[in-house]
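Trainee: Pasting run31.tsv here (TSV, C-alpha atoms and all ligand atoms):
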chain	number	residue	atom	x	y	z
A	1	MET	CA	0.00	0.00	0.00
A	2	GLN	CA	2.94	2.28	-0.35
A	3	TRP	CA	1.80	3.99	-3.46
A	4	ASN	CA	-1.79	4.51	-2.74
A	5	ILE	CA	-1.72	8.18	-3.27
A	6	PRO	CA	-4.70	9.73	-1.69
A	7	ARG	CA	-7.73	10.26	-3.70
A	8	PRO	CA	-9.63	12.63	-1.61
A	9	PHE	CA	-12.70	10.71	-0.96
A	10	THR	CA	-12.77	7.43	-2.54
A	11	SER	CA	-16.41	7.29	-2.05
A	12	THR	CA	-15.86	3.63	-1.65
A	13	SER	CA	-18.81	3.01	0.37
A	14	ARG	CA	-21.31	4.44	2.59
A	15	ALA	CA	-21.02	2.93	5.93
A	16	THR	CA	-22.96	-0.17	6.02
A	17	GLY	CA	-26.20	-0.68	7.72
A	18	LEU	CA	-26.40	2.14	10.01
A	19	SER	CA	-29.20	3.64	11.80
A	20	GLY	CA	-29.50	5.74	14.81
A	21	ILE	CA	-27.06	8.33	15.75
A	22	ALA	CA	-27.21	11.70	14.31
A	23	LEU	CA	-24.51	11.43	11.77
A	24	ALA	CA	-24.81	11.03	8.17
A	25	LEU	CA	-22.50	8.19	8.10
A	26	GLY	CA	-20.88	8.25	4.75
A	27	LEU	CA	-17.56	6.77	4.75
A	28	ILE	CA	-15.01	9.36	4.17
A	29	CYS	CA	-11.76	7.95	3.66
A	30	GLY	CA	-9.07	9.83	3.50
A	31	CYS	CA	-7.37	12.67	2.56
A	32	SER	CA	-4.37	10.73	3.28
A	33	GLY	CA	-4.43	7.29	2.00
A	34	SER	CA	-1.00	6.35	2.92
A	35	ASN	CA	-0.98	4.66	6.18
A	36	ASP	CA	2.03	2.81	5.04
A	37	ALA	CA	2.65	1.05	8.20
A	38	GLY	CA	-0.79	0.27	7.60
A	39	VAL	CA	-2.37	-1.00	10.61
A	40	PRO	CA	-5.80	0.36	10.86
A	41	ASN	CA	-6.38	-0.04	14.47
A	42	GLY	CA	-3.03	0.94	15.87
A	43	SER	CA	-1.99	0.11	19.29
A	44	SER	CA	-4.83	1.12	21.41
A	45	GLU	CA	-2.70	0.51	24.41
A	46	GLY	CA	-0.71	3.62	23.67
A	47	THR	CA	-2.33	6.20	25.81
A	48	GLY	CA	-4.28	3.88	27.94
A	49	ILE	CA	-5.11	5.29	31.24
A	50	ALA	CA	-8.44	3.77	31.81
A	51	GLY	CA	-7.31	0.37	32.72
A	52	SER	CA	-4.21	1.27	34.59
A	53	ALA	CA	-3.98	1.21	38.29
A	54	SER	CA	-4.24	4.55	39.94
A	55	GLU	CA	-3.57	5.33	43.49
A	56	GLY	CA	-7.20	4.81	44.35
A	57	GLY	CA	-6.45	1.19	43.77
A	58	VAL	CA	-9.76	-0.40	44.51
A	59	GLY	CA	-9.46	-3.80	42.99
A	60	ASP	CA	-8.28	-3.53	39.45
A	61	HIS	CA	-10.78	-1.04	38.18
A	62	SER	CA	-9.42	2.37	38.77
A	63	ASP	CA	-12.46	3.85	37.10
A	64	SER	CA	-14.66	2.61	39.85
A	65	VAL	CA	-13.56	5.37	42.18
A	66	GLY	CA	-16.26	7.68	41.03
A	67	LYS	CA	-14.41	9.03	38.04
A	68	LEU	CA	-15.92	9.12	34.63
A	69	ASN	CA	-14.55	6.55	32.27
A	70	ILE	CA	-14.14	8.38	28.97
A	71	VAL	CA	-13.03	7.07	25.61
A	72	THR	CA	-11.98	9.44	22.83
A	73	THR	CA	-10.72	9.09	19.27
A	74	ILE	CA	-8.08	11.50	17.93
A	75	ALA	CA	-5.52	13.05	20.24
A	76	MET	CA	-6.77	16.58	19.62
A	77	VAL	CA	-10.09	15.57	21.16
A	78	THR	CA	-8.37	13.59	23.90
A	79	ASP	CA	-6.41	16.69	24.81
A	80	ILE	CA	-9.51	18.83	25.30
A	81	VAL	CA	-11.17	16.18	27.42
A	82	ARG	CA	-8.07	15.61	29.56
A	83	VAL	CA	-7.62	19.30	30.19
A	84	VAL	CA	-11.25	19.99	31.05
A	85	ALA	CA	-12.00	16.81	32.99
A	86	ALA	CA	-8.59	16.69	34.70
A	87	ASP	CA	-8.74	14.38	37.71
A	88	ARG	CA	-12.47	13.78	37.36
A	89	ALA	CA	-12.04	11.24	34.60
A	90	ASN	CA	-9.94	8.49	33.17
A	91	VAL	CA	-9.50	9.32	29.52
A	92	ASP	CA	-8.41	6.76	26.96
A	93	GLY	CA	-7.62	7.93	23.43
A	94	LEU	CA	-7.95	5.25	20.78
A	95	ILE	CA	-6.26	6.83	17.78
A	96	GLY	CA	-2.62	7.37	18.56
A	97	GLU	CA	0.37	9.05	17.08
A	98	GLY	CA	0.85	8.71	13.35
A	99	ILE	CA	-2.42	6.89	12.75
A	100	ASP	CA	-4.75	8.13	10.06
A	101	PRO	CA	-8.19	8.76	11.56
A	102	HIS	CA	-9.90	8.59	8.17
A	103	LEU	CA	-8.83	4.99	7.85
A	104	PHE	CA	-8.94	3.93	11.46
A	105	THR	CA	-11.08	0.92	12.23
A	106	ALA	CA	-11.74	-0.06	15.79
A	107	GLY	CA	-10.32	-3.40	16.77
A	108	ARG	CA	-12.00	-5.71	19.24
A	109	ASN	CA	-10.21	-4.22	22.15
A	110	ASP	CA	-11.24	-0.73	21.07
A	111	VAL	CA	-14.86	-1.73	20.68
A	112	GLN	CA	-14.83	-3.16	24.17
A	113	LYS	CA	-13.47	0.08	25.52
A	114	LEU	CA	-16.12	2.05	23.67
A	115	LEU	CA	-18.88	-0.13	25.03
A	116	ALA	CA	-17.54	0.11	28.56
A	117	ALA	CA	-17.17	3.89	28.55
A	118	ASP	CA	-19.45	6.28	30.40
A	119	VAL	CA	-19.05	8.83	27.62
A	120	VAL	CA	-17.43	8.77	24.20
A	121	PHE	CA	-16.10	11.93	22.58
A	122	TYR	CA	-15.02	12.04	18.97
A	123	CYS	CA	-14.34	14.70	16.36
A	124	GLY	CA	-17.29	14.14	14.08
A	125	LEU	CA	-17.96	15.58	10.61
A	126	MET	CA	-17.21	12.06	9.49
A	127	LEU	CA	-13.53	12.26	10.27
A	128	GLU	CA	-13.73	8.88	11.92
A	129	GLY	CA	-15.89	7.53	9.11
A	130	ARG	CA	-15.02	3.91	9.68
A	131	MET	CA	-16.10	3.99	13.29
A	132	ALA	CA	-19.65	4.97	12.44
A	133	ASP	CA	-21.06	1.55	13.18
A	134	ASP	CA	-19.26	1.43	16.50
A	135	PHE	CA	-20.59	4.81	17.57
A	136	ALA	CA	-24.07	3.74	16.60
A	137	ARG	CA	-23.69	0.58	18.62
A	138	VAL	CA	-22.58	2.46	21.71
A	139	GLY	CA	-25.40	4.93	21.18
A	140	ARG	CA	-27.95	2.15	21.06
A	141	LYS	CA	-26.82	1.14	24.51
A	142	GLY	CA	-27.99	4.52	25.69
A	143	LYS	CA	-24.49	5.84	26.28
A	144	PRO	CA	-23.65	9.39	25.28
A	145	VAL	CA	-21.55	9.43	22.12
A	146	PHE	CA	-20.63	12.97	21.44
A	147	PRO	CA	-19.04	14.64	18.41
A	148	VAL	CA	-17.16	17.65	19.78
A	149	THR	CA	-17.69	19.64	16.59
A	150	GLU	CA	-21.44	19.40	16.93
A	151	GLY	CA	-21.89	22.84	18.45
A	152	ILE	CA	-20.00	24.69	15.71
A	153	ASP	CA	-22.13	26.92	13.57
A	154	ARG	CA	-22.35	25.18	10.19
A	155	GLU	CA	-21.80	28.49	8.47
A	156	LYS	CA	-18.25	28.46	9.78
A	157	LEU	CA	-17.43	25.06	8.32
A	158	ARG	CA	-15.73	24.57	5.02
A	159	GLU	CA	-17.35	22.56	2.31
A	160	PRO	CA	-14.78	22.50	-0.48
A	161	PRO	CA	-15.53	20.62	-3.68
A	162	GLU	CA	-12.88	17.98	-3.06
A	163	PHE	CA	-14.85	16.81	-0.05
A	164	GLU	CA	-17.72	15.90	-2.30
A	165	GLY	CA	-20.58	17.38	-0.40
A	166	HIS	CA	-19.21	16.71	3.07
A	167	TRP	CA	-17.82	19.17	5.54
A	168	ASP	CA	-14.09	19.43	5.83
A	169	PRO	CA	-13.52	17.76	9.21
A	170	HIS	CA	-10.04	19.20	9.92
A	171	VAL	CA	-11.44	21.92	12.16
A	172	TRP	CA	-8.54	21.82	14.63
A	173	MET	CA	-6.39	23.62	12.08
A	174	ASP	CA	-8.23	26.84	12.97
A	175	VAL	CA	-7.46	27.31	16.64
A	176	ALA	CA	-10.26	29.79	17.30
A	177	LEU	CA	-12.83	27.52	15.72
A	178	TRP	CA	-11.53	24.41	17.45
A	179	SER	CA	-11.67	26.17	20.79
A	180	GLU	CA	-15.45	26.28	20.44
A	181	CYS	CA	-15.36	22.54	20.95
A	182	VAL	CA	-13.92	23.10	24.41
A	183	ASP	CA	-17.22	24.57	25.57
A	184	SER	CA	-19.16	21.69	24.11
A	185	VAL	CA	-16.98	19.24	26.01
A	186	ALA	CA	-17.38	21.18	29.26
A	187	LYS	CA	-21.13	21.20	28.83
A	188	GLU	CA	-21.38	17.52	28.14
A	189	LEU	CA	-19.08	16.66	31.05
A	190	SER	CA	-21.22	18.77	33.34
A	191	ILE	CA	-24.26	16.75	32.37
A	192	GLN	CA	-22.39	13.59	33.31
A	193	ASP	CA	-20.92	14.93	36.54
A	194	GLU	CA	-22.95	17.85	37.79
A	195	SER	CA	-21.04	18.28	41.01
A	196	SER	CA	-17.87	19.14	39.07
A	197	ALA	CA	-19.56	21.52	36.65
A	198	ALA	CA	-17.92	24.63	38.10
A	199	ASP	CA	-14.46	23.07	37.82
A	200	PHE	CA	-15.09	22.00	34.26
A	201	ARG	CA	-16.17	25.54	33.44
A	202	THR	CA	-13.09	27.10	35.01
A	203	ARG	CA	-10.69	24.77	33.25
A	204	ALA	CA	-12.49	25.21	29.94
A	205	ASP	CA	-12.22	28.99	30.28
A	206	ASP	CA	-8.51	28.79	31.09
A	207	TYR	CA	-7.85	26.51	28.17
A	208	ARG	CA	-9.81	28.71	25.80
A	209	LYS	CA	-7.77	31.67	26.96
A	210	GLN	CA	-4.54	29.84	26.12
A	211	LEU	CA	-5.92	28.84	22.76
A	212	SER	CA	-6.88	32.39	22.03
A	213	GLU	CA	-3.30	33.50	22.74
A	214	LEU	CA	-2.01	30.72	20.51
A	215	ASP	CA	-4.40	31.86	17.78
A	216	THR	CA	-2.99	35.38	18.01
A	217	TYR	CA	0.56	34.05	17.84
A	218	ILE	CA	-0.18	32.08	14.69
A	219	ARG	CA	-1.95	34.98	13.04
A	220	GLU	CA	0.95	37.31	13.76
A	221	ALA	CA	3.62	34.81	12.73
A	222	VAL	CA	2.01	33.96	9.40
A	223	SER	CA	1.47	37.64	8.62
A	224	THR	CA	5.25	38.14	8.63
A	225	ILE	CA	5.69	35.82	5.63
A	226	PRO	CA	6.25	37.98	2.56
A	227	GLN	CA	2.91	38.14	0.77
A	228	GLU	CA	4.23	36.73	-2.49
A	229	GLN	CA	5.60	33.66	-0.71
A	230	ARG	CA	2.52	32.87	1.30
A	231	TYR	CA	1.86	29.50	-0.25
A	232	LEU	CA	1.66	26.34	1.74
A	233	ILE	CA	2.36	23.43	-0.54
A	234	THR	CA	1.77	20.11	1.05
A	235	ALA	CA	0.61	16.60	0.39
A	236	HIS	CA	-2.54	16.51	2.43
A	237	ASP	CA	-5.77	18.44	2.33
A	238	ALA	CA	-5.89	19.02	6.07
A	239	PHE	CA	-4.85	22.65	5.94
A	240	GLY	CA	-7.91	24.36	4.49
A	241	TYR	CA	-9.01	25.83	7.81
A	242	PHE	CA	-5.46	26.91	8.56
A	243	ALA	CA	-5.38	28.70	5.23
A	244	SER	CA	-8.61	30.57	5.64
A	245	ALA	CA	-8.00	31.45	9.27
A	246	TYR	CA	-4.44	32.67	8.93
A	247	GLY	CA	-4.29	34.05	5.43
A	248	ILE	CA	-2.08	31.69	3.52
A	249	GLU	CA	-2.93	29.91	0.32
A	250	VAL	CA	-2.76	26.13	0.31
A	251	LYS	CA	-1.90	24.04	-2.65
A	252	ALA	CA	-2.23	20.37	-1.90
A	253	ILE	CA	-0.24	17.77	-3.72
A	254	GLN	CA	-2.99	15.31	-3.63
A	255	GLY	CA	-5.64	14.11	-5.86
A	256	ILE	CA	-2.61	13.14	-7.89
A	257	SER	CA	-3.60	9.83	-9.24
A	258	THR	CA	-1.58	6.72	-8.99
A	259	ASP	CA	-1.62	6.50	-12.73
A	260	SER	CA	1.84	7.55	-13.74
A	261	GLN	CA	0.85	9.68	-16.75
A	262	ALA	CA	-1.58	11.75	-14.73
A	263	ALA	CA	0.85	12.04	-11.89
A	264	ILE	CA	3.51	13.41	-14.18
A	265	SER	CA	1.29	16.11	-15.60
A	266	ASP	CA	0.01	17.12	-12.15
A	267	ILE	CA	3.51	17.28	-10.83
A	268	ASN	CA	4.66	19.32	-13.80
A	269	SER	CA	1.97	21.91	-13.33
A	270	LEU	CA	2.82	22.19	-9.66
A	271	VAL	CA	6.48	22.60	-10.57
A	272	ASP	CA	5.48	25.44	-12.94
A	273	PHE	CA	3.56	27.12	-10.17
A	274	ILE	CA	6.41	26.86	-7.68
A	275	VAL	CA	9.04	28.11	-10.08
A	276	GLU	CA	6.86	31.02	-11.28
A	277	ASN	CA	6.02	32.11	-7.75
A	278	LYS	CA	9.48	31.40	-6.36
A	279	VAL	CA	7.99	29.42	-3.50
A	280	PRO	CA	10.94	28.60	-1.24
A	281	ALA	CA	9.74	25.50	0.58
A	282	ILE	CA	7.37	22.60	0.48
A	283	PHE	CA	6.06	20.59	3.41
A	284	VAL	CA	5.77	16.96	4.24
A	285	GLU	CA	3.58	15.43	6.86
A	286	SER	CA	3.93	12.81	9.46
A	287	SER	CA	1.39	10.49	7.89
A	288	VAL	CA	1.79	10.98	4.16
A	289	SER	CA	4.04	9.39	1.55
A	290	LYS	CA	6.95	11.54	0.48
A	291	LYS	CA	7.23	10.13	-2.99
A	292	ASN	CA	5.38	12.86	-4.84
A	293	ILE	CA	7.05	15.56	-2.86
A	294	GLU	CA	10.40	14.23	-3.93
A	295	ALA	CA	9.27	14.24	-7.54
A	296	VAL	CA	8.29	17.90	-7.22
A	297	ILE	CA	11.62	18.84	-5.70
A	298	GLU	CA	13.42	17.07	-8.47
A	299	GLY	CA	11.27	18.78	-11.12
A	300	CYS	CA	12.09	22.18	-9.66
A	301	GLY	CA	15.77	21.31	-9.59
A	302	GLN	CA	15.69	20.58	-13.30
A	303	ARG	CA	14.28	24.07	-13.83
A	304	GLY	CA	17.02	25.61	-11.75
A	305	TRP	CA	14.88	26.29	-8.68
A	306	GLU	CA	16.09	24.90	-5.43
A	307	LEU	CA	13.04	23.94	-3.46
A	308	ARG	CA	13.61	23.02	0.15
A	309	ILE	CA	11.64	20.77	2.42
A	310	GLY	CA	10.26	23.17	4.98
A	311	ALA	CA	9.49	20.80	7.79
A	312	GLU	CA	7.39	17.86	8.69
A	313	LEU	CA	3.98	19.08	9.74
A	314	PHE	CA	1.40	17.43	11.90
A	315	SER	CA	-1.90	17.15	10.09
A	316	ASP	CA	-4.25	14.50	11.42
A	317	ALA	CA	-2.16	13.25	14.29
A	318	MET	CA	0.00	14.92	16.90
A	319	GLY	CA	3.53	14.14	18.04
A	320	PRO	CA	4.52	11.45	20.53
A	321	PRO	CA	2.66	11.38	23.85
A	322	GLY	CA	4.60	13.08	26.61
A	323	THR	CA	6.26	15.62	24.30
A	324	TYR	CA	5.23	19.23	23.70
A	325	GLU	CA	4.43	18.35	20.09
A	326	GLY	CA	2.21	15.62	21.49
A	327	THR	CA	-0.22	18.25	22.74
A	328	TYR	CA	-2.65	20.21	20.63
A	329	ILE	CA	-0.97	23.49	21.52
A	330	GLY	CA	2.47	22.09	20.74
A	331	MET	CA	1.30	20.66	17.47
A	332	MET	CA	-0.13	23.95	16.24
A	333	ASP	CA	2.85	25.89	17.56
A	334	HIS	CA	5.12	23.51	15.66
A	335	ASN	CA	3.16	23.77	12.41
A	336	SER	CA	2.81	27.53	12.39
A	337	THR	CA	6.35	28.23	13.52
A	338	LYS	CA	7.89	25.92	10.94
A	339	ILE	CA	5.69	27.17	8.13
A	340	THR	CA	6.47	30.78	8.97
A	341	ARG	CA	10.23	30.34	9.19
A	342	ALA	CA	10.55	28.17	6.10
A	343	LEU	CA	8.62	30.66	4.00
A	344	GLY	CA	10.73	33.61	5.03
A	345	GLY	CA	8.65	35.00	7.88
A	346	GLU	CA	9.63	35.68	11.45
A	347	ALA	CA	8.93	33.39	14.36
A	348	PRO	CA	11.06	32.35	17.32
A	349	GLU	CA	13.17	29.31	16.57
A	350	HIS	CA	11.67	27.33	19.41
A	351	GLY	CA	8.18	28.57	18.86
A	352	TRP	CA	5.55	30.42	20.77
A	353	GLN	CA	6.46	29.08	24.18
A	354	GLY	CA	10.10	28.29	23.50
A	355	LYS	CA	9.31	24.62	23.85
A	356	LEU	CA	9.68	23.23	20.35
A	357	ALA	CA	12.14	20.40	20.52
A	358	VAL	CA	13.80	20.50	17.17
A	359	SER	CA	15.32	23.61	15.78
A	360	VAL	CA	13.85	24.79	12.54
A	361	LYS	CA	15.76	24.76	9.31
A	362	HIS	CA	15.80	28.23	7.97
B	1	ZN	ZN	-7.22	14.32	7.10
Can the structure from this file be put into structure tokens for me?
Ligand code: ZN

Mentor:
Amino acid sequence: MQWNIPRPFTSTSRATGLSGIALALGLICGCSGSNDAGVPNGSSEGTGIAGSASEGGVGDHSDSVGKLNIVTTIAMVTDIVRVVAADRANVDGLIGEGIDPHLFTAGRNDVQKLLAADVVFYCGLMLEGRMADDFARVGRKGKPVFPVTEGIDREKLREPPEFEGHWDPHVWMDVALWSECVDSVAKELSIQDESSAADFRTRADDYRKQLSELDTYIREAVSTIPQEQRYLITAHDAFGYFASAYGIEVKAIQGISTDSQAAISDINSLVDFIVENKVPAIFVESSVSKKNIEAVIEGCGQRGWELRIGAELFSDAMGPPGTYEGTYIGMMDHNSTKITRALGGEAPEHGWQGKLAVSVKH
């Protein structure tokens, strides 16, 4: 599966036999088809907290100490829930580092966790299209299964043609918009645990404040990129919200077909664009094949334009757990700082909070 270059939405199938649950469960598969390492249902053990012993230590079920047992999907959602719920919940994120949520299928272990949870939070907008049946199943058991993007005004969502009539689910790329989900999570948690509602509210407000500062940082950083170089060329279509929120134009190297003839002509036209606009750098992502990007770099070289690889960006998954880049804030700091510096703008080498681990090529 190395060469399965993403076709935006291989409308392969609509999720099978689904009822219930308020999602239109089409199967969106991905903007990034290349989960080379391939395993759909990654190691769900990765972030597991739920089952681990905590100091409460009653028997072997730490979640029986009055905490909510929460299961989430992508790490960006997990982050919100962990921050807002803090010590009131055990939170277990199913989709770990480097795993493509569009292609993720819940394994048996994951399904068991979902069924055992008090609440399930996921992104929604069909990001986790292959989990639709599982969400429906949990919902039928009367458990709350909650898409965090549900409260966002639909007017604010993107519906670009390449998503074939669906919303673009990559909302986290616009920090201000994503922060609206924080309130939805706080509200839902308060329904589940009324006595902690005030704490949830306070933590949600604090987190939103940080996100708002991060949003300002990104806006200011991107605005320092010379206007004529404000092009983000990348292999994944995750950056649409980033583009519209922060004023940079995205050109995605995707939709390039696996057919070699078509690929060559797509790559050539991209090379033309880059050379004409003197775009200095191109970006790769943690979960996408680098093959086409290399072809573009080579094409530019033949035309006498030295195109650099700007940085590896995080699109649908964050960095390793326990690192700064393994938090939502760190991920967005990383992306915006690297984009800004590679395209000739000004941003601190170690990012907004001075915490970025790897220095940025400039
Ligand atoms: Zn995606």

Trainee: Considering all atoms listed in the file, state which residue in the set A:Arg140, A:Arg158, A:His102, A:Lys187 is at the smallest distance from ligand ZN 1 (chain B).

Mentor: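 Closest residue, counting all atoms listed in the file: A:His102.
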
Trainee: With a distance cut-off of 8 Å and all atoms listed in the file, select the neighbouring residues of Val250 of chain A, excluding the residue or stretch itself and same-chain residues fewer than 6 positions from it, and output the selection as a JSON list (two decimals) with C-alpha atoms, keeping the file's coordinate frame.

Mentor:
[["chain", "number", "residue", "atom", "x", "y", "z"],
["A", 231, "TYR", "CA", 1.86, 29.50, -0.25],
["A", 232, "LEU", "CA", 1.66, 26.34, 1.74],
["A", 233, "ILE", "CA", 2.36, 23.43, -0.54],
["A", 234, "THR", "CA", 1.77, 20.11, 1.05],
["A", 239, "PHE", "CA", -4.85, 22.65, 5.94],
["A", 240, "GLY", "CA", -7.91, 24.36, 4.49],
["A", 243, "ALA", "CA", -5.38, 28.70, 5.23]]

Trainee: What is the distance, in Å and to one decimal place, between atom CA of Lys113 of chain A and atom CA of His166 of chain A?

Mentor: 28.5 Å

Trainee: Smallest atom-to-atom distance to ligand ZN 1 (chain B): which of A:Cys123, A:Ala198, A:Val138, A:Val71, using only C-alpha atoms and all ligand atoms?

Mentor: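 Closest residue, counting only C-alpha atoms and all ligand atoms: A:Cys123.
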
Trainee: Tell me which of A:Pro161, A:Pro147, A:Gly98, A:Pro169 sits closest to ligand ZN 1 (chain B), counting all atoms listed in the file.

Mentor: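 For ligand ZN 1 (chain B), the nearest of the candidates is A:Pro169.
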
Trainee: Here's a test: counting all atoms listed in the file, identify every protein, DNA and RNA residue with an atom at most 12 Å from (-18.8, 3.5, 17.5) in the file's coordinate frame, and state them as a ChimeraX atom specification.

Mentor: /A:15,18-21,23,25,71-73,94,104-108,110-117,119-122,124,126,128-141,143-147

Trainee: Between atom CA of Ala85 of chain A and atom CA of Asp100 of chain A, what is the spacing in Å?

Mentor: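 Separation between atom CA of Asp100 of chain A and atom CA of Ala85 of chain A: 25.6 Å.
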
Trainee: Using all atoms listed in the file, collect all residues at a distance of at most 6 Å from (6.1, 12.8, -9.3) as written in the file, then present them as a PyMOL selection string.

Mentor: chain A and resi 263-264+267+292+295-296

Trainee: Distance atom ZN of ligand ZN 1 (chain B)-atom CA of His170 of chain A, one decimal place?

Mentor: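 Between atom ZN of ligand ZN 1 (chain B) and atom CA of His170 of chain A the gap is 6.3 Å.
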
Trainee: Skipping near chain neighbours, those fewer than 6 positions away, what residues fall within 8 Å of Ala281 of chain A using only C-alpha atoms, listed as a list of chain:residue names?

Mentor: A:Ile233, A:Leu307, A:Arg308, A:Ile309, A:Gly310, A:Ala342, A:Leu343

Trainee: Compare A:Gly247, A:Pro101, A:Gly151, A:Gly344 by their minimum atom-to-atom distance to ligand ZN 1 (chain B), counting only C-alpha atoms and all ligand atoms, and give me the closest one.

Mentor: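 Counting only C-alpha atoms and all ligand atoms, the residue closest to ligand ZN 1 (chain B) is A:Pro101.
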
Trainee: Set the distance at 12 Å and use only C-alpha atoms: which residues neighbour Leu270 of chain A once local chain neighbours fewer than 2 positions away are removed? I'd like the list as a VMD selection string.

Mentor: chain A and resid 231 233 to 235 251 to 254 256 263 to 268 272 to 279 282 292 to 293 295 to 300

Trainee: Out of A:Asp199, A:Glu164, A:Asp174, A:Asp316, which residue has the shortest atom-to-atom distance to ligand ZN 1 (chain B) when counting all atoms listed in the file?

Mentor: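 Between A:Asp199, A:Glu164, A:Asp174, A:Asp316, the residue approaching ligand ZN 1 (chain B) most closely is A:Asp316.
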
Trainee: Quick one: everything within 12 Å of Gly319 of chain A, counting all atoms listed in the file, minus sequence neighbours fewer than 5 positions away in the same chain. Send it as an NGL selection string.

Mentor: :A and (74-76 or 96-99 or 285-287 or 312-314 or 324-335 or 356-357)

Trainee: Near Glu349 of chain A, within 12 Å and counting all atoms listed in the file, which residues show up once chain neighbours fewer than 2 positions away are dropped, as a list in words?

Mentor: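 What passes the distance filter is Ala221, Asp333, His334, Ser336, Thr337, Lys338, Ile339, Thr340, Arg341, Ala342, Gly345, Glu346, Ala347, Gly351, Trp352, Gln353, Gly354, Lys355, Leu356, Ala357, Val358, Ser359, Val360, Lys361 and His362 of chain A.
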
Trainee: Please determine, counting all atoms listed in the file, which residue among A:Val148, A:Leu103, A:Ala176, A:Ala197 has the shortest atom-to-atom distance to ligand ZN 1 (chain B).

Mentor: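 Nearest candidate to ligand ZN 1 (chain B) out of A:Val148, A:Leu103, A:Ala176, A:Ala197: A:Leu103.
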
Trainee: Around all listed atoms of segment 197-202 of chain A, padded 3 Å per side, what centre and edge lengths does the axis-aligned box have in Å to one decimal, as lines of an AutoDock Vina configuration file?

Mentor:
center_x = -16.3
center_y = 24.3
center_z = 35.8
size_x = 12.5
size_y = 11.6
size_z = 10.7
